[in-house]
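J.: Encoded as structure tokens, here's the structure I'll be asking about.
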Amino acid sequence: MTPGSVERVLAPGKLVIAGEYAVVDGAPALVLAIDRGVQCDVMTRDGPLAIQTPDGDDRFVRPALEGQPGRFRFGTWNPVELPGKPGFGGSAAACVAACVAAGRPAGDAFDIHRTVQGSGSGVDVAAAVHGGMIRFQAGAVRAVPVVHPIVIYSGQSARTGPRVQQYRAWADRGAFREQSAALVDRFHTDPVRMLAEAGALLSAMAASAGVAYRTPGLDRIAALARDHGGAAKPSGAGGGDCAVALFDDPDAGAAFASACAAAGLPPILVSPADGARRVAAGPDSTAR
């Protein structure tokens, strides 16, 4: 490293396109890695271990870095200005970035993240490790054709953990799991229609299981997508965060995004991203 420069690791965030909730029971899910994630700047490679995170919480990165000399600074890669977090899997991306920065296999993040979080399917870690769009099932990963969703922020953040716990207490998970798996396996035959069916399936599950899934913002996004000839659903556990929308007609998608913005539901520009990686050292700059 030269004076004034840093080593940098980038780890992508994720958007779950289909298969949420059922993935914790071993069903498949489709997840897209996006260029909104976590970066880790390695400021020095000597001296005692020092970790800097935006909020001081280093639970998901310290286990990967223990025993490492040097100063590691974590921040948001491609941050967006929102009133809350968009739900892009930041803790998983941070954990993967820490593993890569420490010279450990990125796959070590699966065990670290699950231990710290206490549960989880690993789908968000898999997105950060592998990049692109993948079919994830019980730890097995297969690349699938990439879809390019329009991403809309619902206006509020949401916590995944309590919703997953409520789902796990639901007695009818078996039938839901099979329906979700079948939908994921048919997804690429007609992505717009399958996205709509995935949203309907998840809404029905949530109503039966007592999961706080729908919000006025998410419902408005879905309605605007239908009005413009497409489909939209929450990405992830629902209750807020972001929605993903798909359209066969790009012009209709652009009109939908404009309508969402006019309704106070901001679109977030994202692109598919590669898996976690080191990038060339560059000038020191403070990440947000």
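In the structure tokens, the first chain shown is A, the next is B, and so on; residue numbers restart at 1 for each chain, and ligands run from 1 in the order shown.
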Show me, as CSV, the residues of stretch 64-96 of chain A having an atom within 7 Å of stretch 240-246 of chain A, each with the closest atom pair and its distance in Å, using only C-alpha atoms.

T.:
residue,atom,partner,partner_atom,distance
A:Lys85,CA,A:Asp241,CA,6.9
A:Pro86,CA,A:Asp241,CA,4.8
A:Gly87,CA,A:Asp241,CA,5.3

J.: Where in stretch 100-176 of chain A does DSSP assign helix (DSSP H, G or I), given as a PyMOL selection string?

T.: chain A and resi 100-101+108-117+123-130+160-168+173-176

J.: Taking N, CA and C atoms for each residue, export the selection above as a compact mmCIF listing (two decimals), in the first residue's frame.

T.:
# COMPACT_ATOMS: atom_id res chain seq x y z
N VAL A 100 -13.47 -11.37 2.96
CA VAL A 100 -12.56 -11.13 1.84
C VAL A 100 -11.40 -10.23 2.27
N ALA A 101 -11.69 -9.19 3.05
CA ALA A 101 -10.64 -8.29 3.51
C ALA A 101 -9.62 -9.02 4.38
N ASP A 108 -16.96 -18.43 4.29
CA ASP A 108 -16.96 -18.48 5.76
C ASP A 108 -18.06 -17.59 6.34
N ALA A 109 -18.51 -16.63 5.55
CA ALA A 109 -19.52 -15.70 6.04
C ALA A 109 -20.84 -16.39 6.34
N PHE A 110 -21.12 -17.53 5.71
CA PHE A 110 -22.37 -18.24 5.99
C PHE A 110 -22.46 -18.60 7.48
N ASP A 111 -21.40 -19.24 7.99
CA ASP A 111 -21.42 -19.65 9.39
C ASP A 111 -21.36 -18.46 10.33
N ILE A 112 -20.53 -17.47 10.00
CA ILE A 112 -20.40 -16.30 10.86
C ILE A 112 -21.73 -15.56 10.95
N HIS A 113 -22.35 -15.32 9.82
CA HIS A 113 -23.60 -14.56 9.81
C HIS A 113 -24.71 -15.29 10.54
N ARG A 114 -24.80 -16.60 10.32
CA ARG A 114 -25.85 -17.38 10.98
C ARG A 114 -25.63 -17.40 12.50
N THR A 115 -24.37 -17.51 12.93
CA THR A 115 -24.07 -17.53 14.36
C THR A 115 -24.44 -16.21 15.02
N VAL A 116 -24.07 -15.11 14.38
CA VAL A 116 -24.35 -13.80 14.97
C VAL A 116 -25.84 -13.50 14.94
N GLN A 117 -26.48 -13.79 13.82
CA GLN A 117 -27.90 -13.48 13.68
C GLN A 117 -28.79 -14.45 14.45
N VAL A 123 -29.55 -16.87 2.16
CA VAL A 123 -29.75 -16.40 0.80
C VAL A 123 -29.08 -15.05 0.55
N ASP A 124 -29.06 -14.18 1.56
CA ASP A 124 -28.44 -12.87 1.38
C ASP A 124 -26.92 -12.98 1.33
N VAL A 125 -26.36 -13.91 2.12
CA VAL A 125 -24.92 -14.15 2.05
C VAL A 125 -24.55 -14.71 0.68
N ALA A 126 -25.35 -15.64 0.18
CA ALA A 126 -25.07 -16.24 -1.13
C ALA A 126 -25.04 -15.20 -2.23
N ALA A 127 -25.96 -14.25 -2.18
CA ALA A 127 -25.97 -13.19 -3.18
C ALA A 127 -24.68 -12.38 -3.13
N ALA A 128 -24.22 -12.05 -1.91
CA ALA A 128 -23.00 -11.26 -1.77
C ALA A 128 -21.78 -12.04 -2.22
N VAL A 129 -21.77 -13.34 -2.00
CA VAL A 129 -20.62 -14.16 -2.38
C VAL A 129 -20.57 -14.38 -3.88
N HIS A 130 -21.69 -14.75 -4.48
CA HIS A 130 -21.69 -15.23 -5.87
C HIS A 130 -21.99 -14.14 -6.88
N THR A 160 -36.83 -7.94 9.65
CA THR A 160 -37.13 -9.28 9.11
C THR A 160 -37.37 -10.29 10.21
N GLY A 161 -36.55 -10.27 11.27
CA GLY A 161 -36.56 -11.32 12.28
C GLY A 161 -37.93 -11.62 12.87
N PRO A 162 -38.65 -10.62 13.39
CA PRO A 162 -39.96 -10.91 13.98
C PRO A 162 -40.95 -11.50 12.98
N ARG A 163 -40.86 -11.11 11.74
CA ARG A 163 -41.77 -11.65 10.73
C ARG A 163 -41.45 -13.11 10.43
N VAL A 164 -40.19 -13.44 10.37
CA VAL A 164 -39.82 -14.84 10.14
C VAL A 164 -40.24 -15.72 11.33
N GLN A 165 -40.09 -15.19 12.53
CA GLN A 165 -40.54 -15.95 13.71
C GLN A 165 -42.04 -16.21 13.66
N GLN A 166 -42.80 -15.22 13.24
CA GLN A 166 -44.24 -15.40 13.11
C GLN A 166 -44.56 -16.45 12.05
N TYR A 167 -43.84 -16.41 10.95
CA TYR A 167 -44.02 -17.42 9.90
C TYR A 167 -43.71 -18.82 10.43
N ARG A 168 -42.64 -18.96 11.18
CA ARG A 168 -42.25 -20.28 11.69
C ARG A 168 -43.30 -20.85 12.64
N ARG A 173 -47.13 -24.38 6.82
CA ARG A 173 -45.95 -24.05 6.02
C ARG A 173 -45.68 -25.07 4.92
N GLY A 174 -46.05 -26.32 5.11
CA GLY A 174 -45.74 -27.35 4.12
C GLY A 174 -46.36 -27.06 2.77
N ALA A 175 -47.65 -26.77 2.75
CA ALA A 175 -48.32 -26.48 1.49
C ALA A 175 -47.78 -25.20 0.87
N PHE A 176 -47.55 -24.20 1.69
CA PHE A 176 -46.99 -22.95 1.19
C PHE A 176 -45.62 -23.18 0.57

J.: Quick one: residues within 12 Å of stretch 182-192 of chain A, only C-alpha atoms, excluding same-chain residues fewer than 4 positions away - as an mmCIF file with N, CA and C atoms, in the first residue's frame?

T.:
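Result written to part.cif:
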data_model
loop_
_atom_site.group_PDB
_atom_site.id
_atom_site.type_symbol
_atom_site.label_atom_id
_atom_site.label_comp_id
_atom_site.auth_asym_id
_atom_site.auth_seq_id
_atom_site.Cartn_x
_atom_site.Cartn_y
_atom_site.Cartn_z
ATOM 1 N N VAL A 16 -34.367 -10.094 -3.068
ATOM 2 C CA VAL A 16 -35.028 -11.373 -3.265
ATOM 3 C C VAL A 16 -36.187 -11.143 -4.230
ATOM 4 N N ILE A 17 -36.178 -11.883 -5.323
ATOM 5 C CA ILE A 17 -37.193 -11.722 -6.351
ATOM 6 C C ILE A 17 -38.382 -12.643 -6.088
ATOM 7 N N ALA A 18 -38.124 -13.850 -5.650
ATOM 8 C CA ALA A 18 -39.201 -14.806 -5.371
ATOM 9 C C ALA A 18 -38.672 -15.868 -4.418
ATOM 10 N N GLY A 19 -39.583 -16.440 -3.631
ATOM 11 C CA GLY A 19 -39.215 -17.531 -2.735
ATOM 12 C C GLY A 19 -39.019 -17.138 -1.294
ATOM 13 N N GLU A 20 -39.355 -15.879 -0.954
ATOM 14 C CA GLU A 20 -39.191 -15.451 0.435
ATOM 15 C C GLU A 20 -40.007 -16.325 1.385
ATOM 16 N N ALA A 22 -40.445 -19.185 2.390
ATOM 17 C CA ALA A 22 -40.295 -20.622 2.168
ATOM 18 C C ALA A 22 -38.828 -21.027 2.109
ATOM 19 N N VAL A 23 -37.941 -20.094 1.773
ATOM 20 C CA VAL A 23 -36.523 -20.432 1.683
ATOM 21 C C VAL A 23 -35.968 -20.874 3.036
ATOM 22 N N ALA A 27 -36.927 -24.440 0.724
ATOM 23 C CA ALA A 27 -37.423 -24.239 -0.634
ATOM 24 C C ALA A 27 -36.479 -23.306 -1.391
ATOM 25 N N PRO A 28 -36.542 -23.317 -2.726
ATOM 26 C CA PRO A 28 -35.655 -22.438 -3.493
ATOM 27 C C PRO A 28 -36.117 -20.995 -3.474
ATOM 28 N N ALA A 29 -35.183 -20.098 -3.699
ATOM 29 C CA ALA A 29 -35.478 -18.675 -3.845
ATOM 30 C C ALA A 29 -34.623 -18.125 -4.972
ATOM 31 N N LEU A 30 -35.111 -17.062 -5.588
ATOM 32 C CA LEU A 30 -34.363 -16.338 -6.607
ATOM 33 C C LEU A 30 -33.912 -15.018 -6.013
ATOM 34 N N VAL A 31 -32.620 -14.746 -6.113
ATOM 35 C CA VAL A 31 -32.073 -13.538 -5.501
ATOM 36 C C VAL A 31 -31.095 -12.888 -6.469
ATOM 37 N N MET A 133 -27.549 -13.232 -10.636
ATOM 38 C CA MET A 133 -28.834 -13.736 -10.165
ATOM 39 C C MET A 133 -28.704 -15.230 -9.976
ATOM 40 N N ILE A 134 -29.134 -15.715 -8.825
ATOM 41 C CA ILE A 134 -28.942 -17.117 -8.491
ATOM 42 C C ILE A 134 -30.243 -17.739 -7.997
ATOM 43 N N ARG A 135 -30.311 -19.032 -8.186
ATOM 44 C CA ARG A 135 -31.324 -19.856 -7.523
ATOM 45 C C ARG A 135 -30.638 -20.476 -6.321
ATOM 46 N N PHE A 136 -31.152 -20.185 -5.143
ATOM 47 C CA PHE A 136 -30.540 -20.647 -3.898
ATOM 48 C C PHE A 136 -31.491 -21.605 -3.217
ATOM 49 N N GLN A 137 -30.963 -22.765 -2.823
ATOM 50 C CA GLN A 137 -31.788 -23.724 -2.091
ATOM 51 C C GLN A 137 -30.920 -24.517 -1.129
ATOM 52 N N VAL A 144 -28.815 -18.252 -12.750
ATOM 53 C CA VAL A 144 -29.995 -18.246 -13.613
ATOM 54 C C VAL A 144 -30.007 -16.937 -14.395
ATOM 55 N N PRO A 145 -30.824 -16.864 -15.456
ATOM 56 C CA PRO A 145 -30.875 -15.606 -16.231
ATOM 57 C C PRO A 145 -31.261 -14.416 -15.357
ATOM 58 N N VAL A 146 -30.611 -13.306 -15.603
ATOM 59 C CA VAL A 146 -30.822 -12.100 -14.804
ATOM 60 C C VAL A 146 -32.090 -11.381 -15.257
ATOM 61 N N VAL A 147 -32.897 -10.973 -14.301
ATOM 62 C CA VAL A 147 -33.987 -10.038 -14.579
ATOM 63 C C VAL A 147 -33.566 -8.665 -14.074
ATOM 64 N N HIS A 148 -34.200 -7.644 -14.617
ATOM 65 C CA HIS A 148 -33.823 -6.268 -14.289
ATOM 66 C C HIS A 148 -35.031 -5.551 -13.693
ATOM 67 N N PRO A 149 -35.237 -5.703 -12.390
ATOM 68 C CA PRO A 149 -36.417 -5.095 -11.781
ATOM 69 C C PRO A 149 -36.265 -3.591 -11.599
ATOM 70 N N ILE A 150 -37.398 -2.937 -11.533
ATOM 71 C CA ILE A 150 -37.454 -1.553 -11.057
ATOM 72 C C ILE A 150 -37.665 -1.635 -9.553
ATOM 73 N N ALA A 175 -47.652 -26.773 2.753
ATOM 74 C CA ALA A 175 -48.320 -26.483 1.487
ATOM 75 C C ALA A 175 -47.780 -25.203 0.866
ATOM 76 N N PHE A 176 -47.548 -24.201 1.691
ATOM 77 C CA PHE A 176 -46.990 -22.951 1.187
ATOM 78 C C PHE A 176 -45.619 -23.182 0.568
ATOM 79 N N ARG A 177 -44.797 -23.987 1.231
ATOM 80 C CA ARG A 177 -43.457 -24.272 0.714
ATOM 81 C C ARG A 177 -43.532 -24.882 -0.674
ATOM 82 N N GLU A 178 -44.415 -25.847 -0.870
ATOM 83 C CA GLU A 178 -44.517 -26.512 -2.172
ATOM 84 C C GLU A 178 -45.003 -25.544 -3.247
ATOM 85 N N ALA A 196 -46.294 -11.485 -10.079
ATOM 86 C CA ALA A 196 -47.623 -11.196 -9.541
ATOM 87 C C ALA A 196 -48.138 -12.363 -8.708
ATOM 88 N N GLU A 197 -47.948 -13.586 -9.187
ATOM 89 C CA GLU A 197 -48.394 -14.756 -8.436
ATOM 90 C C GLU A 197 -47.616 -14.906 -7.129
ATOM 91 N N ALA A 198 -46.328 -14.592 -7.164
ATOM 92 C CA ALA A 198 -45.533 -14.663 -5.942
ATOM 93 C C ALA A 198 -46.048 -13.674 -4.909
ATOM 94 N N GLY A 199 -46.385 -12.474 -5.342
ATOM 95 C CA GLY A 199 -46.929 -11.494 -4.417
ATOM 96 C C GLY A 199 -48.242 -11.935 -3.821
ATOM 97 N N ALA A 200 -49.116 -12.525 -4.647
ATOM 98 C CA ALA A 200 -50.410 -13.000 -4.146
ATOM 99 C C ALA A 200 -50.226 -14.148 -3.164
ATOM 100 N N LEU A 201 -49.309 -15.063 -3.467
ATOM 101 C CA LEU A 201 -49.053 -16.192 -2.572
ATOM 102 C C LEU A 201 -48.534 -15.709 -1.220
ATOM 103 N N LEU A 202 -47.618 -14.780 -1.236
ATOM 104 C CA LEU A 202 -47.056 -14.267 0.008
ATOM 105 C C LEU A 202 -48.090 -13.481 0.808
ATOM 106 N N ALA A 225 -48.133 -0.589 -10.422
ATOM 107 C CA ALA A 225 -47.557 -1.538 -11.375
ATOM 108 C C ALA A 225 -48.659 -2.181 -12.223
ATOM 109 N N ARG A 226 -49.744 -2.597 -11.581
ATOM 110 C CA ARG A 226 -50.863 -3.181 -12.337
ATOM 111 C C ARG A 226 -51.447 -2.164 -13.315
ATOM 112 N N GLY A 229 -49.509 -2.087 -16.457
ATOM 113 C CA GLY A 229 -49.340 -3.327 -17.207
ATOM 114 C C GLY A 229 -48.238 -4.240 -16.723
ATOM 115 N N GLY A 230 -47.752 -4.028 -15.492
ATOM 116 C CA GLY A 230 -46.702 -4.878 -14.949
ATOM 117 C C GLY A 230 -47.111 -5.485 -13.632
ATOM 118 N N ALA A 231 -46.129 -5.865 -12.848
ATOM 119 C CA ALA A 231 -46.380 -6.470 -11.544
ATOM 120 C C ALA A 231 -45.308 -6.012 -10.576
ATOM 121 N N ALA A 232 -45.692 -5.918 -9.289
ATOM 122 C CA ALA A 232 -44.748 -5.542 -8.236
ATOM 123 C C ALA A 232 -45.093 -6.288 -6.968
ATOM 124 N N LYS A 233 -44.092 -6.564 -6.152
ATOM 125 C CA LYS A 233 -44.272 -7.215 -4.866
ATOM 126 C C LYS A 233 -43.154 -6.783 -3.940
ATOM 127 N N VAL A 244 -40.060 -4.773 -5.725
ATOM 128 C CA VAL A 244 -39.478 -4.983 -7.047
ATOM 129 C C VAL A 244 -40.622 -5.074 -8.042
ATOM 130 N N ALA A 245 -40.416 -4.505 -9.210
ATOM 131 C CA ALA A 245 -41.444 -4.502 -10.254
ATOM 132 C C ALA A 245 -40.826 -4.950 -11.568
ATOM 133 N N LEU A 246 -41.614 -5.656 -12.372
ATOM 134 C CA LEU A 246 -41.182 -6.109 -13.688
ATOM 135 C C LEU A 246 -42.225 -5.726 -14.726
ATOM 136 N N PHE A 247 -41.735 -5.409 -15.918
ATOM 137 C CA PHE A 247 -42.593 -5.007 -17.034
ATOM 138 C C PHE A 247 -42.064 -5.633 -18.318
ATOM 139 N N ASP A 248 -42.974 -6.025 -19.195
ATOM 140 C CA ASP A 248 -42.569 -6.474 -20.520
ATOM 141 C C ASP A 248 -42.220 -5.298 -21.418
ATOM 142 N N ASP A 249 -42.860 -4.157 -21.152
ATOM 143 C CA ASP A 249 -42.667 -2.957 -21.972
ATOM 144 C C ASP A 249 -41.815 -1.951 -21.202
ATOM 145 N N GLY A 253 -42.632 0.564 -17.894
ATOM 146 C CA GLY A 253 -41.854 0.563 -16.662
ATOM 147 C C GLY A 253 -41.379 1.948 -16.284
#

J.: Using DSSP on the backbone, list every residue of stretch 58-142 of chain A that comes out as strand (DSSP E or B), and give them as a list of chain:residue names.

T.: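 These are the residues in question: A:Arg71, A:Phe72, A:Arg73, A:Phe74, A:Gly75, A:Thr76, A:Trp77, A:Gly131, A:Met133, A:Ile134, A:Arg135, A:Phe136, A:Gln137, A:Ala140, A:Val141, A:Arg142.
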